[in-house]
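To start, the structure under review is shown below, and the notes come after it.
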Amino acid sequence: MTFIVRIKAQYRIHCEAYMLEALFYLGSIVVANLLVLNFGIIEVAGLTFPAGAAAVGFTFTARDLVQRRYGKWGCWVWMLAAAAISALFSPTLALASLGAFVVAEGLDWAVFTATPLSFRGRAIFSNIVGTPLDSVVFVYLAFGPIWEAMWGQTLVKLASSLLIVFLVKNVQEAEFKPKVLKSEVV
């Protein structure tokens, strides 16, 4: 009976970890949309970019985590959910986000899927490829051809996506290992 409880607890912890990654992915999209809606394009330290650029940069690595957990096709469910969430904010943002999702996240997905590197290597490479395209598509559709904002968003988004890659230590090898206490050993 104790063994069954331990398996269920382990399963619950794995499920919670899977959901946390997906919720982090969707949550960063919600935060990015709220920032863009409330502040539009901003300038910080001479760099011009949409206010949600840092938050949406998190989505690239978060999407890679979701793909790692749910598989190369299962992550599309979460990508479509992310596009639907964007549609709740504004028609213009929905169109810009959908365009960026289809083009840039699709490319990021393809690069992440096809690259024969470690998780970290694939995430870095796919983020470097996907973020500039995402920035051009999103800024152009949401605000028009504001090249300074496209360049600024690319830099901010790439920096934030790579920050998450480096914060997620040993993700590929990470697995749940229950700790057995001496009192539990028979």
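For the structure tokens, the naming scheme is as follows: chains receive sequential letters (A, B, ...) according to their order of presentation, residues are indexed from 1 within each chain, and ligands are indexed from 1 in presentation order.
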
Kindly assemble as CSV a list of the stretch 83-132 of chain A residues that lie within 8 Å of stretch 27-42 of chain A, each paired with its nearest atom pair and their distance in Å to one decimal, using only C-alpha atoms, sorted first by chain and then by ascending residue number.
residue,atom,partner,partner_atom,distance
A:Ile85,CA,A:Val30,CA,7.1
A:Ser86,CA,A:Asn33,CA,6.8
A:Phe89,CA,A:Asn33,CA,7.0
A:Leu93,CA,A:Asn33,CA,7.6

Once DSSP has gone over the backbone, tell me which residues of stretch 29-121 of chain A are in strand (DSSP E), as a PyMOL selection string.
-> chain A and resi 41-44+47-50

Contacts of stretch 102-109 of chain A at 10 Å or less, counting only C-alpha atoms, minus same-chain residues fewer than 3 places along, as an MDAnalysis selection string?
-> chainID A and resid 59:61 63:64 67 72:73 75:76 79:80 83 97:99 112:114 122:123 125:138

Interatomic distance between atom CA of A:Thr48 and atom CA of A:Trp147?
->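 Between these atoms lies a distance of 9.3 Å.
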
Closest-contact table, stretch 3-106 of chain A side, partner stretch 148-169 of chain A, 7 Å, counting only C-alpha atoms, as a tab-separated table:
residue	atom	partner	partner_atom	distance
A:Leu47	CA	A:Gly152	CA	5.5
A:Thr48	CA	A:Ala149	CA	4.9
A:Phe49	CA	A:Ala149	CA	4.3
A:Pro50	CA	A:Gln153	CA	6.5
A:Ala53	CA	A:Lys157	CA	5.3
A:Ala54	CA	A:Lys157	CA	5.2
A:Val56	CA	A:Lys157	CA	6.7
A:Gly57	CA	A:Lys157	CA	4.0
A:Phe58	CA	A:Ser161	CA	4.8
A:Phe60	CA	A:Ser161	CA	6.0
A:Thr61	CA	A:Ser161	CA	5.7

Please give the complete set of residues from chain A that DSSP, run on the backbone, assigns to helix (DSSP H, G or I), formatted as a ChimeraX atom specification.
-> /A:2-39,53-87,91-114,119-143,147-167,182-184

Could you jot down the atom CA of A:Gly121 to atom CA of A:Gly71 separation for me, Å, one decimal place?
->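 Those two atoms sit 17.4 Å apart.
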
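The coordinates place atom CA of A:Phe24 at 16.6 Å from atom CA of A:Phe101.
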
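With distances taken over only C-alpha atoms, A:Tyr25 is the one residue among A:Ala62, A:Ala110, A:Ala45, A:Tyr25 lying closest to A:Ala81.
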
With distances taken over only C-alpha atoms, which of A:Val66, A:Leu95, A:Leu88, A:Ile146 is nearest to A:Met19?
->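 Smallest separation from A:Met19 among the options: A:Val66.
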